[in-house]
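Below is the file structure.pdb, which contains PDB, C-alpha atoms.
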MODEL        1
ATOM      1  CA  MET A   1       2.437 -17.906 -11.300
ATOM      2  CA  ALA A   2      -0.478 -17.056 -13.575
ATOM      3  CA  PRO A   3       0.591 -16.047 -17.106
ATOM      4  CA  PHE A   4       0.829 -12.341 -17.987
ATOM      5  CA  ASP A   5      -2.699 -11.036 -18.624
ATOM      6  CA  PRO A   6      -2.671  -7.361 -19.690
ATOM      7  CA  LEU A   7      -6.470  -7.015 -19.802
ATOM      8  CA  SER A   8      -6.968  -8.234 -16.216
ATOM      9  CA  ALA A   9      -4.074  -6.022 -15.110
ATOM     10  CA  ALA A  10      -5.694  -2.978 -16.737
ATOM     11  CA  ILE A  11      -9.181  -3.729 -15.344
ATOM     12  CA  GLY A  12      -7.784  -4.362 -11.857
ATOM     13  CA  GLY A  13      -5.673  -1.200 -12.023
ATOM     14  CA  ALA A  14      -8.682   0.875 -13.103
ATOM     15  CA  LEU A  15     -10.650  -0.526 -10.129
ATOM     16  CA  ILE A  16      -7.827   0.500  -7.779
ATOM     17  CA  GLY A  17      -7.724   4.005  -9.251
ATOM     18  CA  LEU A  18     -11.513   4.298  -9.088
ATOM     19  CA  ALA A  19     -11.602   3.133  -5.453
ATOM     20  CA  ALA A  20      -8.958   5.712  -4.476
ATOM     21  CA  THR A  21     -10.852   8.438  -6.371
ATOM     22  CA  LEU A  22     -14.222   7.556  -4.813
ATOM     23  CA  LEU A  23     -12.791   7.458  -1.290
ATOM     24  CA  MET A  24     -11.456  11.005  -1.810
ATOM     25  CA  LEU A  25     -14.591  12.313  -3.571
ATOM     26  CA  LEU A  26     -17.003  10.826  -1.027
ATOM     27  CA  THR A  27     -15.181  10.890   2.304
ATOM     28  CA  GLY A  28     -12.224  13.212   1.634
ATOM     29  CA  ARG A  29      -9.711  10.546   2.666
ATOM     30  CA  ILE A  30      -6.496   9.268   1.084
ATOM     31  CA  ALA A  31      -6.573   5.537   0.249
ATOM     32  CA  GLY A  32      -3.117   4.852   1.649
ATOM     33  CA  ILE A  33      -3.195   1.419   3.236
ATOM     34  CA  SER A  34      -0.197   1.896   5.547
ATOM     35  CA  GLY A  35      -1.635   5.203   6.814
ATOM     36  CA  ILE A  36      -5.079   3.686   7.314
ATOM     37  CA  LEU A  37      -3.618   0.770   9.309
ATOM     38  CA  GLY A  38      -0.873   2.705  11.072
ATOM     39  CA  ASP A  39      -3.144   5.445  12.358
ATOM     40  CA  LEU A  40      -5.254   2.770  14.050
ATOM     41  CA  LEU A  41      -2.221   2.108  16.252
ATOM     42  CA  GLU A  42      -1.681   5.741  17.284
ATOM     43  CA  ARG A  43      -2.900   6.786  20.717
ATOM     44  CA  GLY A  44      -5.918   9.067  20.427
ATOM     45  CA  SER A  45      -6.395   8.046  16.800
ATOM     46  CA  SER A  46      -9.407   9.744  15.302
ATOM     47  CA  ASP A  47     -11.946   8.162  12.962
ATOM     48  CA  ARG A  48     -11.123   4.535  13.759
ATOM     49  CA  ALA A  49     -14.444   3.391  12.257
ATOM     50  CA  TRP A  50     -13.813   4.289   8.592
ATOM     51  CA  ARG A  51     -10.257   2.928   8.790
ATOM     52  CA  LEU A  52     -11.502  -0.407  10.113
ATOM     53  CA  ALA A  53     -14.293  -0.409   7.511
ATOM     54  CA  PHE A  54     -11.816   0.106   4.632
ATOM     55  CA  ALA A  55      -9.494  -2.629   5.962
ATOM     56  CA  ALA A  56     -12.485  -4.974   6.368
ATOM     57  CA  GLY A  57     -13.401  -4.234   2.743
ATOM     58  CA  LEU A  58      -9.885  -5.200   1.607
ATOM     59  CA  ILE A  59     -10.233  -8.587   3.352
ATOM     60  CA  ALA A  60     -13.824  -9.052   2.162
ATOM     61  CA  ALA A  61     -12.916  -8.422  -1.493
ATOM     62  CA  PRO A  62     -11.630 -11.952  -2.273
ATOM     63  CA  LEU A  63     -14.707 -13.393  -0.550
ATOM     64  CA  ALA A  64     -16.976 -11.222  -2.704
ATOM     65  CA  LEU A  65     -15.075 -12.271  -5.848
ATOM     66  CA  ALA A  66     -15.308 -15.928  -4.795
ATOM     67  CA  LEU A  67     -19.106 -15.642  -5.175
ATOM     68  CA  GLY A  68     -18.409 -14.933  -8.847
ATOM     69  CA  GLY A  69     -16.132 -17.954  -9.103
ATOM     70  CA  HIS A  70     -12.841 -15.996  -8.903
ATOM     71  CA  THR A  71     -10.705 -17.759  -6.292
ATOM     72  CA  LEU A  72      -7.596 -16.378  -4.607
ATOM     73  CA  ALA A  73      -4.665 -18.801  -4.422
ATOM     74  CA  ASN A  74      -2.177 -18.756  -1.540
ATOM     75  CA  PRO A  75       0.773 -16.597  -2.599
ATOM     76  CA  ALA A  76       4.257 -18.105  -2.799
ATOM     77  CA  MET A  77       6.197 -17.061   0.318
ATOM     78  CA  PRO A  78       9.849 -17.456   1.423
ATOM     79  CA  SER A  79      11.101 -18.860   4.757
ATOM     80  CA  SER A  80       9.575 -17.657   8.047
ATOM     81  CA  ILE A  81      12.669 -15.687   9.072
ATOM     82  CA  ILE A  82      12.691 -13.734   5.797
ATOM     83  CA  ILE A  83       8.923 -13.138   6.095
ATOM     84  CA  ALA A  84       9.272 -11.802   9.652
ATOM     85  CA  ILE A  85      12.175  -9.473   8.757
ATOM     86  CA  ALA A  86      10.432  -8.237   5.598
ATOM     87  CA  GLY A  87       7.152  -7.624   7.472
ATOM     88  CA  LEU A  88       8.949  -5.542  10.115
ATOM     89  CA  LEU A  89      10.773  -3.542   7.421
ATOM     90  CA  VAL A  90       7.521  -2.875   5.554
ATOM     91  CA  GLY A  91       5.748  -1.826   8.770
ATOM     92  CA  ILE A  92       8.491   0.523  10.023
ATOM     93  CA  GLY A  93       9.440   1.804   6.568
ATOM     94  CA  THR A  94       5.935   2.734   5.467
ATOM     95  CA  ARG A  95       5.288   4.657   8.696
ATOM     96  CA  LEU A  96       8.659   6.417   8.711
ATOM     97  CA  GLY A  97       8.225   7.267   5.027
ATOM     98  CA  SER A  98       4.563   8.275   5.542
ATOM     99  CA  GLY A  99       3.157   5.967   2.880
ATOM    100  CA  CYS A 100       3.372   2.898   0.707
ATOM    101  CA  THR A 101       2.613   1.845  -2.862
ATOM    102  CA  SER A 102      -0.980   3.091  -2.513
ATOM    103  CA  GLY A 103      -0.552   6.304  -0.513
ATOM    104  CA  HIS A 104       2.543   7.507  -2.394
ATOM    105  CA  GLY A 105       2.375   5.371  -5.556
ATOM    106  CA  ILE A 106      -1.277   5.928  -6.474
ATOM    107  CA  CYS A 107      -2.726   8.800  -4.422
ATOM    108  CA  GLY A 108       0.478  10.838  -4.127
ATOM    109  CA  ILE A 109       1.363  10.609  -7.812
ATOM    110  CA  SER A 110      -2.286  11.462  -8.621
ATOM    111  CA  ARG A 111      -1.818  14.667  -6.640
ATOM    112  CA  LEU A 112       1.450  15.205  -8.588
ATOM    113  CA  SER A 113       3.253  15.448  -5.226
ATOM    114  CA  PRO A 114       7.068  15.628  -5.678
ATOM    115  CA  ARG A 115       7.427  14.042  -2.223
ATOM    116  CA  SER A 116       5.391  10.990  -3.247
ATOM    117  CA  ILE A 117       7.106  10.716  -6.636
ATOM    118  CA  ALA A 118      10.506  10.716  -4.855
ATOM    119  CA  ALA A 119       9.311   8.072  -2.361
ATOM    120  CA  THR A 120       7.822   5.852  -5.081
ATOM    121  CA  MET A 121      10.965   5.998  -7.228
ATOM    122  CA  THR A 122      13.160   5.238  -4.204
ATOM    123  CA  LEU A 123      11.158   2.244  -3.025
ATOM    124  CA  MET A 124      10.870   0.830  -6.560
ATOM    125  CA  VAL A 125      14.611   1.072  -7.238
ATOM    126  CA  VAL A 126      15.485  -0.426  -3.835
ATOM    127  CA  ALA A 127      13.016  -3.304  -4.293
ATOM    128  CA  MET A 128      14.471  -3.984  -7.771
ATOM    129  CA  LEU A 129      17.992  -4.035  -6.305
ATOM    130  CA  VAL A 130      16.921  -6.450  -3.555
ATOM    131  CA  VAL A 131      15.319  -8.806  -6.101
ATOM    132  CA  ALA A 132      18.412  -8.577  -8.333
ATOM    133  CA  ILE A 133      20.632  -9.571  -5.386
ATOM    134  CA  MET A 134      18.314 -12.328  -4.108
ATOM    135  CA  ARG A 135      17.741 -13.881  -7.545
ATOM    136  CA  HIS A 136      20.975 -13.278  -9.412
ATOM    137  CA  ALA A 137      23.825 -12.597  -6.973
ATOM    138  CA  LEU A 138      23.261 -15.094  -4.133
TER
ATOM    139  CA  MET B   1     -22.758   6.614   5.148
ATOM    140  CA  PRO B   2     -19.023   7.523   5.172
ATOM    141  CA  ILE B   3     -18.311   4.232   6.963
ATOM    142  CA  LEU B   4     -20.264   2.207   4.400
ATOM    143  CA  SER B   5     -18.542   4.129   1.595
ATOM    144  CA  ALA B   6     -15.126   3.315   3.079
ATOM    145  CA  PHE B   7     -16.101  -0.377   3.307
ATOM    146  CA  LEU B   8     -17.269  -0.451  -0.334
ATOM    147  CA  CYS B   9     -14.155   1.430  -1.510
ATOM    148  CA  GLY B  10     -12.057  -1.134   0.408
ATOM    149  CA  ILE B  11     -13.858  -3.963  -1.403
ATOM    150  CA  MET B  12     -13.298  -2.260  -4.771
ATOM    151  CA  PHE B  13      -9.631  -1.609  -4.001
ATOM    152  CA  GLY B  14      -9.094  -5.207  -2.848
ATOM    153  CA  ALA B  15     -10.962  -6.567  -5.871
ATOM    154  CA  GLY B  16      -8.636  -4.520  -8.086
ATOM    155  CA  LEU B  17      -5.622  -6.070  -6.376
ATOM    156  CA  VAL B  18      -6.968  -9.618  -6.869
ATOM    157  CA  VAL B  19      -8.193  -9.142 -10.464
ATOM    158  CA  SER B  20      -4.960  -7.453 -11.566
ATOM    159  CA  GLY B  21      -2.841 -10.226 -10.022
ATOM    160  CA  LEU B  22      -0.993  -8.025  -7.515
ATOM    161  CA  THR B  23      -1.960 -10.326  -4.630
ATOM    162  CA  ASP B  24       0.350 -12.866  -6.315
ATOM    163  CA  THR B  25       3.856 -12.353  -4.906
ATOM    164  CA  ALA B  26       5.357 -14.154  -7.933
ATOM    165  CA  LYS B  27       3.900 -11.515 -10.264
ATOM    166  CA  VAL B  28       5.178  -8.617  -8.144
ATOM    167  CA  LEU B  29       8.673 -10.121  -7.851
ATOM    168  CA  GLY B  30       8.492 -10.972 -11.558
ATOM    169  CA  PHE B  31       8.039  -7.252 -12.266
ATOM    170  CA  LEU B  32      10.764  -6.158  -9.850
ATOM    171  CA  ASP B  33      13.199  -8.617 -11.482
ATOM    172  CA  VAL B  34      14.418  -6.134 -14.093
ATOM    173  CA  LEU B  35      17.423  -8.320 -14.980
ATOM    174  CA  ALA B  36      14.837 -10.627 -16.579
ATOM    175  CA  ILE B  37      14.078  -7.944 -19.213
ATOM    176  CA  PRO B  38      17.079  -8.830 -21.415
ATOM    177  CA  LYS B  39      16.911 -12.517 -20.473
ATOM    178  CA  GLY B  40      13.162 -12.903 -21.059
ATOM    179  CA  GLY B  41      10.464 -13.830 -18.539
ATOM    180  CA  TRP B  42       9.938 -10.310 -17.153
ATOM    181  CA  ASP B  43       6.348  -9.674 -15.973
ATOM    182  CA  PRO B  44       5.108  -6.129 -16.800
ATOM    183  CA  THR B  45       1.836  -6.578 -14.825
ATOM    184  CA  LEU B  46       2.616  -4.047 -12.087
ATOM    185  CA  ALA B  47       3.476  -1.297 -14.584
ATOM    186  CA  ILE B  48       0.150  -1.809 -16.369
ATOM    187  CA  VAL B  49      -1.773  -1.833 -13.088
ATOM    188  CA  MET B  50      -0.163   1.430 -11.975
ATOM    189  CA  ALA B  51      -0.703   3.079 -15.347
ATOM    190  CA  ALA B  52      -4.379   2.021 -15.463
ATOM    191  CA  ALA B  53      -4.925   3.178 -11.872
ATOM    192  CA  LEU B  54      -3.326   6.568 -12.546
ATOM    193  CA  ILE B  55      -5.285   7.093 -15.782
ATOM    194  CA  VAL B  56      -8.411   6.981 -13.581
ATOM    195  CA  SER B  57      -7.120   8.631 -10.419
ATOM    196  CA  ILE B  58      -5.175  11.608 -11.841
ATOM    197  CA  PRO B  59      -8.329  13.172 -13.386
ATOM    198  CA  GLY B  60     -10.342  11.819 -10.433
ATOM    199  CA  PHE B  61      -8.179  13.623  -7.887
ATOM    200  CA  ALA B  62      -8.197  16.796  -9.993
ATOM    201  CA  LEU B  63     -11.994  16.658  -9.938
ATOM    202  CA  ALA B  64     -12.034  16.115  -6.155
ATOM    203  CA  ARG B  65      -9.640  19.040  -5.712
ATOM    204  CA  ARG B  66     -11.875  21.313  -7.820
ATOM    205  CA  ARG B  67     -15.050  20.275  -6.017
ATOM    206  CA  GLY B  68     -13.454  21.129  -2.683
ATOM    207  CA  ARG B  69     -15.897  19.689  -0.207
ATOM    208  CA  PRO B  70     -16.284  15.874  -0.210
ATOM    209  CA  VAL B  71     -19.808  14.524  -0.746
ATOM    210  CA  LEU B  72     -20.084  12.899   2.697
ATOM    211  CA  ALA B  73     -17.690  14.945   4.850
ATOM    212  CA  ASP B  74     -17.098  18.558   5.797
ATOM    213  CA  VAL B  75     -13.461  18.752   4.754
ATOM    214  CA  ALA B  76     -11.067  16.739   2.600
ATOM    215  CA  ALA B  77      -7.990  15.493   4.441
ATOM    216  CA  TRP B  78      -5.432  16.353   1.735
ATOM    217  CA  PRO B  79      -1.842  15.660   2.826
ATOM    218  CA  THR B  80      -0.076  18.905   3.707
ATOM    219  CA  ARG B  81       3.625  17.982   3.906
ATOM    220  CA  THR B  82       5.731  18.909   0.889
ATOM    221  CA  GLY B  83       9.504  18.659   1.488
ATOM    222  CA  ILE B  84      11.587  15.637   0.490
ATOM    223  CA  ASP B  85      13.255  14.877   3.826
ATOM    224  CA  ARG B  86      15.401  12.158   5.329
ATOM    225  CA  PRO B  87      12.600  10.119   7.023
ATOM    226  CA  LEU B  88      10.739   9.963   3.690
ATOM    227  CA  ILE B  89      13.735   8.487   1.870
ATOM    228  CA  VAL B  90      14.962   6.232   4.718
ATOM    229  CA  GLY B  91      11.406   4.920   5.131
ATOM    230  CA  ALA B  92      11.109   4.243   1.402
ATOM    231  CA  VAL B  93      14.451   2.370   1.463
ATOM    232  CA  LEU B  94      13.362   0.175   4.408
ATOM    233  CA  PHE B  95       9.955  -0.460   2.848
ATOM    234  CA  GLY B  96      11.450  -1.199  -0.579
ATOM    235  CA  THR B  97      13.810  -3.741   1.011
ATOM    236  CA  GLY B  98      10.966  -5.603   2.710
ATOM    237  CA  TRP B  99       8.830  -5.425  -0.432
ATOM    238  CA  GLY B 100      11.646  -6.856  -2.553
ATOM    239  CA  LEU B 101      12.252  -9.710  -0.099
ATOM    240  CA  VAL B 102       8.669 -11.043  -0.175
ATOM    241  CA  GLY B 103       6.666  -9.191  -2.852
ATOM    242  CA  LEU B 104       3.938  -7.997  -0.483
ATOM    243  CA  CYS B 105       3.124  -4.366   0.285
ATOM    244  CA  PRO B 106       0.440  -3.409   2.842
ATOM    245  CA  GLY B 107      -2.655  -3.608   0.579
ATOM    246  CA  PRO B 108      -2.029  -7.076  -0.875
ATOM    247  CA  ALA B 109      -0.858  -8.285   2.563
ATOM    248  CA  ILE B 110      -4.252  -7.390   4.063
ATOM    249  CA  THR B 111      -6.302  -8.707   1.125
ATOM    250  CA  ASN B 112      -4.317 -11.972   1.195
ATOM    251  CA  LEU B 113      -5.409 -12.467   4.831
ATOM    252  CA  ALA B 114      -8.597 -13.898   3.313
ATOM    253  CA  THR B 115      -6.561 -16.966   2.255
ATOM    254  CA  LEU B 116      -5.791 -17.659   5.954
ATOM    255  CA  SER B 117      -2.374 -18.828   4.743
ATOM    256  CA  ARG B 118       0.010 -19.005   7.721
ATOM    257  CA  PRO B 119       2.968 -17.268   6.000
ATOM    258  CA  VAL B 120       0.642 -14.372   5.081
ATOM    259  CA  LEU B 121      -0.582 -14.159   8.691
ATOM    260  CA  LEU B 122       3.063 -14.058   9.844
ATOM    261  CA  PHE B 123       3.861 -11.289   7.349
ATOM    262  CA  ALA B 124       0.827  -9.191   8.360
ATOM    263  CA  ALA B 125       1.573  -9.670  12.079
ATOM    264  CA  SER B 126       5.225  -8.599  11.562
ATOM    265  CA  MET B 127       4.093  -5.598   9.518
ATOM    266  CA  ILE B 128       1.640  -4.490  12.220
ATOM    267  CA  ALA B 129       4.380  -5.017  14.832
ATOM    268  CA  GLY B 130       6.691  -2.769  12.789
ATOM    269  CA  MET B 131       4.002  -0.090  12.586
ATOM    270  CA  ALA B 132       3.365  -0.366  16.339
ATOM    271  CA  ALA B 133       7.118  -0.107  17.026
ATOM    272  CA  HIS B 134       7.227   3.087  14.994
ATOM    273  CA  ALA B 135       4.203   4.513  16.840
ATOM    274  CA  LEU B 136       5.850   3.691  20.177
ATOM    275  CA  TRP B 137       9.150   5.291  19.119
ATOM    276  CA  ARG B 138       7.386   8.457  17.968
ATOM    277  CA  ARG B 139       5.508   8.673  21.260
ATOM    278  CA  ARG B 140       8.817   8.466  23.177
ATOM    279  CA  VAL B 141      10.470  11.099  20.986
ATOM    280  CA  ARG B 142       7.513  13.428  21.481
ATOM    281  CA  HIS B 143       7.526  12.737  25.220
ATOM    282  CA  SER B 144      11.235  13.556  25.628
ATOM    283  CA  ALA B 145      10.797  16.637  23.429
ATOM    284  CA  SER B 146       8.038  17.888  25.727
ATOM    285  CA  LEU B 147      10.242  17.177  28.793
ATOM    286  CA  ALA B 148      13.084  19.156  27.236
ATOM    287  CA  ALA B 149      10.689  22.001  26.493
ATOM    288  CA  ALA B 150       9.535  21.951  30.116
ATOM    289  CA  ASP B 151      13.154  22.100  31.305
ATOM    290  CA  GLY B 152      14.245  24.846  29.062
TER
ENDMDL
END
Would you encode the structure as C-alpha cells?
Amino acid sequence: MAPFDPLSAAIGGALIGLAATLLMLLTGRIAGISGILGDLLERGSSDRAWRLAFAAGLIAAPLALALGGHTLANPAMPSSIIIAIAGLLVGIGTRLGSGCTSGHGICGISRLSPRSIAATMTLMVVAMLVVAIMRHAL
Amino acid sequence: MPILSAFLCGIMFGAGLVVSGLTDTAKVLGFLDVLAIPKGGWDPTLAIVMAAALIVSIPGFALARRRGRPVLADVAAWPTRTGIDRPLIVGAVLFGTGWGLVGLCPGPAITNLATLSRPVLLFAASMIAGMAAHALWRRRVRHSASLAAADG
C-alpha cells in the first residue's frame, strides 16, 4: 500500500467533487456510478449513450494519467470466492439501495438529502464492522 | 456535446479516484479498519477524499440547483425520492458488506478494469451480474403486480 498522502487525497477528492458538479451543471445528471451502470441493464433504458460515455471515461482515466507517468498498480484482492460473493452483494445492494458511495456519498450528501445521509452512514458502519470481523475476529 | 461532456466528466472522476488512492483496495480497507485507530496504522485517506469532494460539490450542487436548467440539457434529473425506507437500508447493508470484504465500490471497480487484472474482472462481472439479477427481479415483481391489477 502506498503511504498516506493527504495532498494527493485532497486533490483527487476535489477532482471527484468537480466531476460530479460539472456533470450536473452541464448535463443535469447525477454522477452515481451504480445508477449509471445499473440503468444500462434495465429494459427500455433511456439515454444509454451518456451512461456508456461516462463509464468509458472512468476506464480511460488511468490510461490518460499513464501518459503523464502516473501508473495504476493492480489492487490487492482476496480469494476468488470472496470476490464473487462481494461483487454480487455490491451489485444487488447498490441497486436495491438506489445508490453507492458516489450517488449517495457524494451527490446525495451534496444535495443534503436525509435519505442519502442515512444510506451513507449505514454502508460505512456495516463496512467497518465487516473489516473489524475479517481482520480482528477471525 | 452532452455525450462528450459525460465522457470527460468520467475521465475526471476516474482520475480523482486514481490520484486520491481510492483505486487501491488496501487504502480503502485501511480506512474502514477503525480498530487500527487506537493501535496505529489507520489510513484516513478516504475521509480526506470525501471531505475535499464535498467542499467542491456542496456549493457546486447549490449553484446547479439555483441555475435550474443545465447548460446542455432541457431539464436536470434531480432525484425525487425522499423517505428512508427498508430497501434503502437493506441495500446499504448488503453493499456495505461487499465493500468491506474487498474494498471496491462501483467507481473504483470500473476504473480498475484498466489494469486488466483478473480478480478485478471477476469482481466487476459479479457486480454487473448482481445488478442484472436485481433488474430481473424488479421486472418480475412489476409483471406480477400488473397481473394482479388485471385480475382485481
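Remark: for chain B, the closest of the candidate residues A:Ile109, A:Ala9, A:Ala66, A:Leu129 is A:Ala9 (distances computed over all atoms listed in the file).
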Could you tell me how far atom CA of A:Pro62 lies from atom CA of B:Leu46, in Å and to one decimal?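 Atom CA of B:Leu46 lies 19.0 Å from atom CA of A:Pro62.
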List the spatial neighbours of B:Ala52 as a PyMOL selection string - criterion: any atom at most 7 Å away, all atoms listed in the file, same-chain residues fewer than 4 positions off excluded. (chain A and resi 10+13-14) or (chain B and resi 48+56)
Could you please determine the separation between atom CA of B:Ala109 and atom CA of B:Leu121 in Å, to one decimal place?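 Atom CA of B:Leu121 lies at a distance of 8.5 Å from atom CA of B:Ala109.
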Kindly indicate which residue among B:Arg138, B:Arg81, B:Lys27, B:Lys39 lies nearest to A:His136, using all atoms listed in the file for the distances.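 Closest candidate: B:Lys39.
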Point (-9.4, 1.9, 7.4) neighbourhood (7 Å, all atoms listed in the file) written as a ChimeraX atom specification: /A:36-37,50-55
May I ask which of the residues B:Pro108, B:Gly16, B:Gly103, B:Pro59 is the closest one to chain A, counting only C-alpha atoms?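 Once distances to chain A are computed over only C-alpha atoms, the minimum belongs to B:Gly16.
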Would you pick out the contacts of A:Ser80 at 9 Å or less, using only C-alpha atoms, so that residues sharing its chain but fewer than 4 positions from it are not included, and give the list as a compact mmCIF listing (two decimals) with C-alpha atoms, in the coordinates of the input?
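Final output, selection.txt:
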# COMPACT_ATOMS: atom_id res chain seq x y z
CA ALA A 84 9.27 -11.80 9.65
CA ILE A 85 12.18 -9.47 8.76
CA PRO B 119 2.97 -17.27 6.00
CA LEU B 122 3.06 -14.06 9.84
CA PHE B 123 3.86 -11.29 7.35
Can you work out the spacing between atom CA of B:Leu94 and atom CA of A:Thr122 in Å, to one decimal? 10.0 Å
Stretch 68-74 of chain A: which residues within 10 Å, counting all atoms listed in the file, same-chain residues fewer than 3 positions away excluded, as a short mmCIF file (atom, residue, chain, number, x, y, z; two decimals) with C-alpha atoms, keeping the file's coordinate frame?
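For reference, result_16.cif as written:
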data_model
loop_
_atom_site.label_atom_id
_atom_site.label_comp_id
_atom_site.auth_asym_id
_atom_site.auth_seq_id
_atom_site.Cartn_x
_atom_site.Cartn_y
_atom_site.Cartn_z
CA MET A 1 2.44 -17.91 -11.30
CA PRO A 62 -11.63 -11.95 -2.27
CA LEU A 63 -14.71 -13.39 -0.55
CA ALA A 64 -16.98 -11.22 -2.70
CA LEU A 65 -15.08 -12.27 -5.85
CA MET A 77 6.20 -17.06 0.32
CA VAL B 18 -6.97 -9.62 -6.87
CA VAL B 19 -8.19 -9.14 -10.46
CA GLY B 21 -2.84 -10.23 -10.02
CA THR B 23 -1.96 -10.33 -4.63
CA ASP B 24 0.35 -12.87 -6.32
CA THR B 25 3.86 -12.35 -4.91
CA THR B 111 -6.30 -8.71 1.12
CA ASN B 112 -4.32 -11.97 1.20
CA LEU B 113 -5.41 -12.47 4.83
CA ALA B 114 -8.60 -13.90 3.31
CA THR B 115 -6.56 -16.97 2.26
CA LEU B 116 -5.79 -17.66 5.95
CA SER B 117 -2.37 -18.83 4.74
CA ARG B 118 0.01 -19.00 7.72
CA PRO B 119 2.97 -17.27 6.00
CA VAL B 120 0.64 -14.37 5.08
#
